[in-house]
Structure formats: C-alpha cells, structure tokens
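Everything below concerns the one structure shown next.
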Amino acid sequence: MKPSQSVKRALRTATTVGAVAVLALGGLSACADDSSSDSTTSAGATSALPSNAATGSPIKVGFITPEGGPITVPMVREGGEAATQYLNNNGGGIGGHKIDLVVCKEQEDPASATSCANQMVEQKVSVVVAPFGSQGAVMLPIVAGAGIPYVAQAPVSQVEMMTPGSFMLSGGILAVFAGQAATAAKEGVKKVAVVISDAGDAASSVKAIGVPTFKQAGVEMDVITIPASAADPTPQITAGLADNPGAVTVLGETSQCISTIKALQTAAPTVKKYLIASCLDKQVIDSVGADAVTGAKAFTTVKLDSDDPSSELYRSVMATYAAGTDPAGLAYLGYQVMMSLGEVGKSLTGPVTPQAFMTALSSAKNVPLPAAPGLTFSCDGTAVPQLKSLCSKSILVSDVNADTKLENTVAVNN
C-alpha cells in the first residue's frame with residue numbers, strides 16, 4: 001500500500017516536525033544525578049555485568065553523531081561507546097564478533113554530514129547507526145546507495161521513513177500521536193489540542209499527521225499555533241481553548257514547554273496535560289513547579305528508573321563504562337541503538353557483511369527495545385505498513401506523580 005496523500009504532505013516538513021520527533025523521545029532528567037559505580041544510583045539499582053567477551057573477528061560499525069556544531073550532544077556518543085564496550089567485553093559482541101566502532105562527528109550541516117556518510121562507505125562498515133540528528137536525508141542516500149543498512153532511533157525526514165535499507169527503531173512523532181490518541185480514547189477525551197510554534201509550515205504538517213491518527217481513535221485534534229517570538233503565549237492559549245479540549249499536548253523544546261505550561265496554569269489549570277519528555281526536563285520542572293505537571297500523562301520511549309532488568313542493565317553499563325555521563329540525559333539514544341544491533345546480531349552466522357546485516361534487520365520481529373520495558377521493534381515492514389522503514393509505532397505512557405516520577409507505565413500500540 002502506498003502512503004496516503006496526507007502522510008506524504010506531512011513528511012515534507014522534515015526539519016521542524018522531525019526535531020519534535022527527537023524531542024519527544026528525549027531523556028528524562030527531572031530527578032536524576034550523575035551515574036556512579038555504586039550499587040545504586042538516583043535512578044535505581046545497578047548490578048554486576050556478565051562475563052561473555054566477544055572472540056570473533058572484528059566488524060566495523062559506523063556511528064555518526066552531532067558534535068562540534070550548533071547542536072553538540074557528546075552524551076549520545078558516550079552512551080553508544082559504553083554499549084559497545086559492554087557488548088565487546090560482557091555481551092558477546094554482535095553475533096560473537098568484536099565491534100570496531102568507527103565514529104564520525106557531523107556539525108548538523110549538509111557538508112559535514114556528507115563527509116561522514118562518505119567516510120562510512122570508504123571505511124567499508126557493515127552497518128551505520130545515527131541515533132540522533134537532522135541530517136538523515138543527506139546521509140542515508142549515500143549509505144544506502146552503497147548497500148549499507150542505516151539505523152536510527154527516530155525518523156526526522158521523508159527519506160528516512162521511506163527509503164529501502166533504512167531502519168527506524170521508533171515511530172517518532174507518529175508514535176507519539178498514536179499513543180496520545182489511544183490514551184485520549186481510553187480516558188473518554190473527545191478532543192486534544194496540540195500546541196506548536198508557527199515556524200515554517202509545521203502546523204499544517206502536524207495536522208496532516210495528527211488529524212487522521214486521532215480520528216482513527218475517535219478523537220478530534222486541534223492545533224494551537226504560537227508565534228515563535230511570543231514571550232507569553234497566554235492570549236493564543238486562551239483563544240485556542242475556547243472549544244474546551246479535554247487534553248493539551250505541547251510539541252517543542254524546553255523553553256516552549258515552560259511558557260505553554262505556565263499559560264495553561266493561568267488559562268486552564270485543570271485541563272489534562274499529555275507531555276513529551278522535553279516538557280518533563282529538570283529545567284521545565286524547576287521553572288513551572290512540580291504541581292504544574294503532577295497528574296499529567298508522559299509519552300516516552302525509555303524508562304530509565306524502572307526495576308526491569310533491561311533498565312537496570314542500562315544503568316549498570318553506564319556506571320561501568322561512562323561513569324562521568326549523566327545516565328538520565330540523551331546517552332540512552334546511542335545505547336539503545338547499539339544494544340539493538342547486538343540483539344539483532346544474534347541471528348547472524350558467518351561473515352558479517354552489509355547484506356547479512358540488511359537481512360538480519362529486515363527479519364527482526366518483536367525484538368525488545370533496550371531500557372524500554374514493554375516496547376519492541378519489528379523491522380520486517382509490519383509495524384507501519386505504509387512506511388516500511390518504521391520498526392515500531394509503540395510508546396510508553398506513564399502517570400507523572402507528585403515527585404515528578406513516572407509511574408503506572410504501560411506500553412501502547414505494541
């Protein structure tokens with residue numbers, strides 16, 4: 001089945017909506033400190049790592065990450081490197097093979113992204129991972145054109161959603177909307193208002209994606225646009241709430257979350273809040289106060305403070321191999337992608353060529369997503385049939401308690 005016209009229109013605005021998709025999956029740092037090698041951290045217990053060193057011949061895995069430019073996230077690389085050390089020293093590598101991680105730092109511009117993609121081809125890597133960033137539309141054609149599979153955490157462009165050889169472990173903004181629609185239907189909410197900046201044509205693209213998604217669940221969706229220059233969006237929020245939506249969600253970074261949540265506290269203090277991770281960041285909590293988010297629903301693809309073995313392993317790996325990196329930040333993005341390769345790689349036999357990895361990824365079915373208890377990914381084209389590069393449309397939905405902790409977490413749309 002070909003993508004519908006509404007989906008095609010939505011995908012055209014990659015930069016703004018894609019950035020929101022990444023924000024939607026960001027780490028939660030409201031109640032966490034730096035990791036240590038102790039048996040417990042502020043996020044939960046840690047444990048000793050197993051002894052299962054990789055003994056097979058090394059395979060090259062490309063790792064592209066934004067560093068050194070306007071957006072620099074070294075913690076993503078640090079999480080990926082920690083996972084690599086774990087796989088090499090404790091987790092049996094990838095199909096028994098030791099990983100030779102080939103890191104390239106791009107500056108979130110086409111020139112550096114092109115250079116990194118070309119480097120991966122020249123280095124003859126078996127697979128490329130790009131856990132975070134907005135340059136997938138630049139890098140993917142080069143990588144896939146060389147027959148090398150390309151794996152990311154969330155899509156930020158039409159190219160990543162639809163190109164053969166592309167594997168997106170989560171559904172990004174599509175998963176967020178599907179999870180919010182299912183939650184609204186379960187709670188009896190008839191209408192959800194989405195607050196977003198008026199930059200570019202983001203609002204029309206969000207409508208193109210969101211309206212049919214919510215409609216399928218029997219829920220109406222409205223969009224409230226806020227001028228990018230507005231210091232106080234209360235007038236726009238007040239006007240947008242005239243139709244009495246049952247819940248409000250904010251798509252934006254921390255500063256927009258702060259201003260919108262403050263405006264909601266004035267205009268509609270009792271309205272339900274459906275919040276992505278950027279709106280539960282420590283900076284947001286410190287600014288708006290815990291009361292402003294208590295009782296909200298959180299939509300994430302990670303659960304770092306869970307007592308589930310998958311989350312405990314994440315904390316233990318970070319404590320062992322990246323003790324100076326905050327485990328509650330974006331480090332989990334690099335970790336999740338590398339550990340997912342380890343899981344998929346268990347089916348590999350013989351030489352680990354790009355084609356072998358392509359086959360293994362294309363056959364992946366119901367693979368647990370690391371540090372996200374309850375979530376799985378299937379890259380066989382069944383998760384979102386219209387967009388076969390998406391390996392999942394599921395998301396974790398939690399209640400935000402009075403201590404801004406996430407509780408009563410359930411997986412939705414698995």
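Identifiers for the structure tokens are assigned positionally: chains receive A, B, ... in sequence, residues are indexed from 1 per chain, and ligands are indexed from 1 in the order shown.
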For stretch 188-202 of chain A, work out the shell of residues within 7 Å, counting only C-alpha atoms and skipping chain neighbours fewer than 6 positions away, then give it as a PDB file with all heavy atoms, in the first residue's frame.
```
ATOM      1  N   THR A  13       7.644  18.401   5.617  1.00  0.00           N
ATOM      2  CA  THR A  13       8.245  19.326   6.571  1.00  0.00           C
ATOM      3  C   THR A  13       9.091  18.538   7.547  1.00  0.00           C
ATOM      4  O   THR A  13       8.689  18.253   8.655  1.00  0.00           O
ATOM      5  CB  THR A  13       7.167  20.127   7.316  1.00  0.00           C
ATOM      6  OG1 THR A  13       6.362  20.771   6.349  1.00  0.00           O
ATOM      7  CG2 THR A  13       7.787  21.182   8.216  1.00  0.00           C
ATOM      8  N   THR A  16      11.315  20.798  11.074  1.00  0.00           N
ATOM      9  CA  THR A  16      10.604  21.178  12.288  1.00  0.00           C
ATOM     10  C   THR A  16       9.918  19.994  12.948  1.00  0.00           C
ATOM     11  O   THR A  16      10.083  19.735  14.139  1.00  0.00           O
ATOM     12  CB  THR A  16       9.559  22.266  11.974  1.00  0.00           C
ATOM     13  OG1 THR A  16      10.235  23.366  11.376  1.00  0.00           O
ATOM     14  CG2 THR A  16       8.852  22.716  13.233  1.00  0.00           C
ATOM     15  N   VAL A  17       9.155  19.251  12.172  1.00  0.00           N
ATOM     16  CA  VAL A  17       8.435  18.131  12.748  1.00  0.00           C
ATOM     17  C   VAL A  17       9.405  17.045  13.179  1.00  0.00           C
ATOM     18  O   VAL A  17       9.229  16.386  14.198  1.00  0.00           O
ATOM     19  CB  VAL A  17       7.398  17.577  11.751  1.00  0.00           C
ATOM     20  CG1 VAL A  17       6.671  16.378  12.337  1.00  0.00           C
ATOM     21  CG2 VAL A  17       6.392  18.667  11.403  1.00  0.00           C
ATOM     22  N   VAL A 219     -11.146  10.508  18.136  1.00  0.00           N
ATOM     23  CA  VAL A 219     -10.814  11.735  18.876  1.00  0.00           C
ATOM     24  C   VAL A 219     -10.540  12.859  17.877  1.00  0.00           C
ATOM     25  O   VAL A 219      -9.891  12.652  16.846  1.00  0.00           O
ATOM     26  CB  VAL A 219      -9.577  11.518  19.765  1.00  0.00           C
ATOM     27  CG1 VAL A 219      -9.241  12.799  20.541  1.00  0.00           C
ATOM     28  CG2 VAL A 219      -9.813  10.352  20.730  1.00  0.00           C
ATOM     29  N   GLU A 220     -11.013  14.048  18.184  1.00  0.00           N
ATOM     30  CA  GLU A 220     -10.753  15.213  17.348  1.00  0.00           C
ATOM     31  C   GLU A 220      -9.450  15.867  17.782  1.00  0.00           C
ATOM     32  O   GLU A 220      -9.093  15.858  18.960  1.00  0.00           O
ATOM     33  CB  GLU A 220     -11.916  16.205  17.488  1.00  0.00           C
ATOM     34  CG  GLU A 220     -11.833  17.406  16.562  1.00  0.00           C
ATOM     35  CD  GLU A 220     -13.002  18.362  16.730  1.00  0.00           C
ATOM     36  OE1 GLU A 220     -13.981  17.983  17.416  1.00  0.00           O
ATOM     37  OE2 GLU A 220     -12.935  19.484  16.196  1.00  0.00           O
ATOM     38  N   MET A 221      -8.716  16.433  16.834  1.00  0.00           N
ATOM     39  CA  MET A 221      -7.474  17.121  17.155  1.00  0.00           C
ATOM     40  C   MET A 221      -7.485  18.538  16.602  1.00  0.00           C
ATOM     41  O   MET A 221      -7.831  18.759  15.431  1.00  0.00           O
ATOM     42  CB  MET A 221      -6.264  16.372  16.572  1.00  0.00           C
ATOM     43  CG  MET A 221      -4.926  16.877  17.113  1.00  0.00           C
ATOM     44  SD  MET A 221      -3.500  16.441  16.054  1.00  0.00           S
ATOM     45  CE  MET A 221      -3.529  17.814  14.896  1.00  0.00           C
ATOM     46  N   ASP A 222      -7.145  19.504  17.450  1.00  0.00           N
ATOM     47  CA  ASP A 222      -6.977  20.891  17.040  1.00  0.00           C
ATOM     48  C   ASP A 222      -5.514  21.285  17.201  1.00  0.00           C
ATOM     49  O   ASP A 222      -4.783  20.675  17.981  1.00  0.00           O
ATOM     50  CB  ASP A 222      -7.833  21.834  17.900  1.00  0.00           C
ATOM     51  CG  ASP A 222      -9.301  21.783  17.518  1.00  0.00           C
ATOM     52  OD1 ASP A 222      -9.609  21.332  16.402  1.00  0.00           O
ATOM     53  OD2 ASP A 222     -10.134  22.192  18.353  1.00  0.00           O
ATOM     54  N   VAL A 223      -5.088  22.306  16.475  1.00  0.00           N
ATOM     55  CA  VAL A 223      -3.723  22.821  16.597  1.00  0.00           C
ATOM     56  C   VAL A 223      -3.772  24.270  17.047  1.00  0.00           C
ATOM     57  O   VAL A 223      -4.499  25.088  16.471  1.00  0.00           O
ATOM     58  CB  VAL A 223      -2.953  22.715  15.266  1.00  0.00           C
ATOM     59  CG1 VAL A 223      -1.595  23.406  15.369  1.00  0.00           C
ATOM     60  CG2 VAL A 223      -2.754  21.253  14.881  1.00  0.00           C
ATOM     61  N   ILE A 224      -3.029  24.582  18.095  1.00  0.00           N
ATOM     62  CA  ILE A 224      -2.876  25.956  18.571  1.00  0.00           C
ATOM     63  C   ILE A 224      -1.462  26.398  18.216  1.00  0.00           C
ATOM     64  O   ILE A 224      -0.480  25.830  18.698  1.00  0.00           O
ATOM     65  CB  ILE A 224      -3.077  26.055  20.096  1.00  0.00           C
ATOM     66  CG1 ILE A 224      -4.464  25.542  20.496  1.00  0.00           C
ATOM     67  CG2 ILE A 224      -2.880  27.486  20.574  1.00  0.00           C
ATOM     68  CD1 ILE A 224      -4.673  25.456  22.008  1.00  0.00           C
ATOM     69  N   THR A 225      -1.354  27.394  17.339  1.00  0.00           N
ATOM     70  CA  THR A 225      -0.029  27.871  16.932  1.00  0.00           C
ATOM     71  C   THR A 225       0.376  29.071  17.779  1.00  0.00           C
ATOM     72  O   THR A 225      -0.429  29.961  18.050  1.00  0.00           O
ATOM     73  CB  THR A 225       0.000  28.251  15.452  1.00  0.00           C
ATOM     74  OG1 THR A 225      -1.009  29.231  15.186  1.00  0.00           O
ATOM     75  CG2 THR A 225      -0.247  27.042  14.581  1.00  0.00           C
ATOM     76  N   ILE A 226       1.634  29.061  18.168  1.00  0.00           N
ATOM     77  CA  ILE A 226       2.198  30.140  18.989  1.00  0.00           C
ATOM     78  C   ILE A 226       3.295  30.841  18.188  1.00  0.00           C
ATOM     79  O   ILE A 226       4.201  30.173  17.679  1.00  0.00           O
ATOM     80  CB  ILE A 226       2.811  29.582  20.292  1.00  0.00           C
ATOM     81  CG1 ILE A 226       1.786  28.734  21.050  1.00  0.00           C
ATOM     82  CG2 ILE A 226       3.346  30.711  21.157  1.00  0.00           C
ATOM     83  CD1 ILE A 226       0.563  29.485  21.512  1.00  0.00           C
ATOM     84  N   PRO A 227       3.243  32.159  18.037  1.00  0.00           N
ATOM     85  CA  PRO A 227       4.317  32.863  17.340  1.00  0.00           C
ATOM     86  C   PRO A 227       5.669  32.562  17.996  1.00  0.00           C
ATOM     87  O   PRO A 227       5.791  32.558  19.223  1.00  0.00           O
ATOM     88  CB  PRO A 227       3.949  34.336  17.496  1.00  0.00           C
ATOM     89  CG  PRO A 227       2.464  34.331  17.699  1.00  0.00           C
ATOM     90  CD  PRO A 227       2.172  33.076  18.479  1.00  0.00           C
ATOM     91  N   ALA A 228       6.661  32.288  17.163  1.00  0.00           N
ATOM     92  CA  ALA A 228       7.979  31.943  17.693  1.00  0.00           C
ATOM     93  C   ALA A 228       8.544  33.056  18.562  1.00  0.00           C
ATOM     94  O   ALA A 228       9.346  32.807  19.468  1.00  0.00           O
ATOM     95  CB  ALA A 228       8.929  31.635  16.538  1.00  0.00           C
ATOM     96  N   PRO A 245     -11.046  21.709  24.752  1.00  0.00           N
ATOM     97  CA  PRO A 245     -10.444  20.383  24.540  1.00  0.00           C
ATOM     98  C   PRO A 245     -10.287  19.658  25.875  1.00  0.00           C
ATOM     99  O   PRO A 245     -10.123  20.289  26.926  1.00  0.00           O
ATOM    100  CB  PRO A 245      -9.080  20.712  23.925  1.00  0.00           C
ATOM    101  CG  PRO A 245      -8.766  22.089  24.427  1.00  0.00           C
ATOM    102  CD  PRO A 245     -10.087  22.797  24.472  1.00  0.00           C
ATOM    103  N   GLY A 246     -10.327  18.341  25.825  1.00  0.00           N
ATOM    104  CA  GLY A 246     -10.189  17.582  27.062  1.00  0.00           C
ATOM    105  C   GLY A 246      -8.757  17.406  27.500  1.00  0.00           C
ATOM    106  O   GLY A 246      -8.498  17.065  28.662  1.00  0.00           O
ATOM    107  N   ALA A 247      -7.812  17.607  26.574  1.00  0.00           N
ATOM    108  CA  ALA A 247      -6.399  17.475  26.903  1.00  0.00           C
ATOM    109  C   ALA A 247      -5.592  18.361  25.978  1.00  0.00           C
ATOM    110  O   ALA A 247      -6.023  18.706  24.871  1.00  0.00           O
ATOM    111  CB  ALA A 247      -5.940  16.026  26.782  1.00  0.00           C
ATOM    112  N   VAL A 248      -4.391  18.734  26.444  1.00  0.00           N
ATOM    113  CA  VAL A 248      -3.488  19.582  25.669  1.00  0.00           C
ATOM    114  C   VAL A 248      -2.110  18.943  25.661  1.00  0.00           C
ATOM    115  O   VAL A 248      -1.633  18.455  26.697  1.00  0.00           O
ATOM    116  CB  VAL A 248      -3.394  21.005  26.267  1.00  0.00           C
ATOM    117  CG1 VAL A 248      -2.377  21.849  25.497  1.00  0.00           C
ATOM    118  CG2 VAL A 248      -4.750  21.691  26.255  1.00  0.00           C
ATOM    119  N   THR A 249      -1.462  18.934  24.502  1.00  0.00           N
ATOM    120  CA  THR A 249      -0.083  18.474  24.404  1.00  0.00           C
ATOM    121  C   THR A 249       0.760  19.578  23.790  1.00  0.00           C
ATOM    122  O   THR A 249       0.258  20.412  23.030  1.00  0.00           O
ATOM    123  CB  THR A 249       0.025  17.187  23.566  1.00  0.00           C
ATOM    124  OG1 THR A 249       1.371  16.701  23.623  1.00  0.00           O
ATOM    125  CG2 THR A 249      -0.337  17.425  22.112  1.00  0.00           C
ATOM    126  N   VAL A 250       2.039  19.591  24.126  1.00  0.00           N
ATOM    127  CA  VAL A 250       2.967  20.620  23.646  1.00  0.00           C
ATOM    128  C   VAL A 250       4.058  19.942  22.835  1.00  0.00           C
ATOM    129  O   VAL A 250       4.717  19.014  23.310  1.00  0.00           O
ATOM    130  CB  VAL A 250       3.613  21.392  24.817  1.00  0.00           C
ATOM    131  CG1 VAL A 250       4.448  22.555  24.282  1.00  0.00           C
ATOM    132  CG2 VAL A 250       2.562  21.879  25.798  1.00  0.00           C
ATOM    133  N   LEU A 251       4.259  20.394  21.601  1.00  0.00           N
ATOM    134  CA  LEU A 251       5.350  19.897  20.771  1.00  0.00           C
ATOM    135  C   LEU A 251       6.388  20.998  20.651  1.00  0.00           C
ATOM    136  O   LEU A 251       6.208  21.971  19.927  1.00  0.00           O
ATOM    137  CB  LEU A 251       4.839  19.502  19.385  1.00  0.00           C
ATOM    138  CG  LEU A 251       3.787  18.393  19.335  1.00  0.00           C
ATOM    139  CD1 LEU A 251       3.466  18.038  17.893  1.00  0.00           C
ATOM    140  CD2 LEU A 251       4.256  17.156  20.084  1.00  0.00           C
ATOM    141  N   GLY A 252       7.479  20.854  21.388  1.00  0.00           N
ATOM    142  CA  GLY A 252       8.503  21.882  21.367  1.00  0.00           C
ATOM    143  C   GLY A 252       9.609  21.578  22.347  1.00  0.00           C
ATOM    144  O   GLY A 252       9.562  20.585  23.071  1.00  0.00           O
TER     145      GLY A 252
END
```
Item to check | stretch 68-81 of chain A surroundings by only C-alpha atoms, 8 Å radius, close-in-sequence under 6 positions cut, as a PyMOL selection string | outcome: chain A and resi 101+105-108+131-132+318+322+325-326+329-338
Item to check | Who sits within 12 Å of stretch 405-410 of chain A, only C-alpha atoms, same chain under 5 positions skipped, as a VMD selection string | outcome: chain A and resid 28 to 32 42 to 43 179 182 to 183 275 277 280 to 282 285 290 293 to 308 372 to 375 394 to 400
Item to check | Shortest interatomic distance to A:Val159 - which of A:Thr320, A:Gln355, A:Asn414, A:Ser389, counting only C-alpha atoms | outcome: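 The answer is A:Ser389, which sits nearest to A:Val159.
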Checklist entry - Where in stretch 39-266 of chain A does DSSP assign strand (DSSP E), given as an MDAnalysis selection string? => result chainID A and resid 40:41 44:45 56:66 97:106 127:129 150:152 166:168 191:197 220:226 247:251
Next on the checklist: When you count only C-alpha atoms, which of these residues is closest to A:Ser115: A:Thr46, A:Ile142, A:Glu187, A:Ser363?
Outcome noted: A:Ile142
Next on the checklist: Applying 10 Å and only C-alpha atoms, which residues near A:Leu87 remain after dropping the ones on its own chain fewer than 6 positions away? List them as number ranges by chain.
Outcome noted: A: 52-54, 81, 93-94, 96-99, 317, 338-339, 341-342
If we count only C-alpha atoms and set the cut-off at 7 Å, which residues sit around stretch 231-241 of chain A, ignoring sequence neighbours fewer than 6 positions away in its own chain? Please answer as an mmCIF file with N, CA and C atoms, in the first residue's frame.
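What ended up in around09.cif:
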```cif
data_model
loop_
_atom_site.group_PDB
_atom_site.id
_atom_site.type_symbol
_atom_site.label_atom_id
_atom_site.label_comp_id
_atom_site.auth_asym_id
_atom_site.auth_seq_id
_atom_site.Cartn_x
_atom_site.Cartn_y
_atom_site.Cartn_z
ATOM 1 N N ILE A 224 -3.029 24.582 18.095
ATOM 2 C CA ILE A 224 -2.876 25.956 18.571
ATOM 3 C C ILE A 224 -1.462 26.398 18.216
ATOM 4 N N SER A 259 6.857 28.121 28.762
ATOM 5 C CA SER A 259 5.894 29.204 28.540
ATOM 6 C C SER A 259 4.479 28.672 28.355
ATOM 7 N N THR A 260 4.336 27.539 27.686
ATOM 8 C CA THR A 260 2.997 26.992 27.452
ATOM 9 C C THR A 260 2.379 26.449 28.731
ATOM 10 N N ALA A 263 1.221 29.223 30.833
ATOM 11 C CA ALA A 263 -0.008 29.800 30.294
ATOM 12 C C ALA A 263 -1.208 28.901 30.597
ATOM 13 N N ALA A 267 -4.740 29.846 32.180
ATOM 14 C CA ALA A 267 -5.945 29.795 31.354
ATOM 15 C C ALA A 267 -6.813 28.576 31.635
#
```
Checklist entry - Given the choices A:Cys279, A:Met162, A:Leu313, A:Ala323, which gets closest to A:Pro141 if the distance is worked out from only C-alpha atoms? => result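 Among A:Cys279, A:Met162, A:Leu313, A:Ala323, it is A:Met162 that comes nearest to A:Pro141.
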Checklist entry - Got a sec: who's within 8 Å of stretch 346-354 of chain A, counting only C-alpha atoms, leaving out chain neighbours fewer than 6 positions off, as a PyMOL selection string? => result chain A and resi 59+94-96+125-127+147-149+360
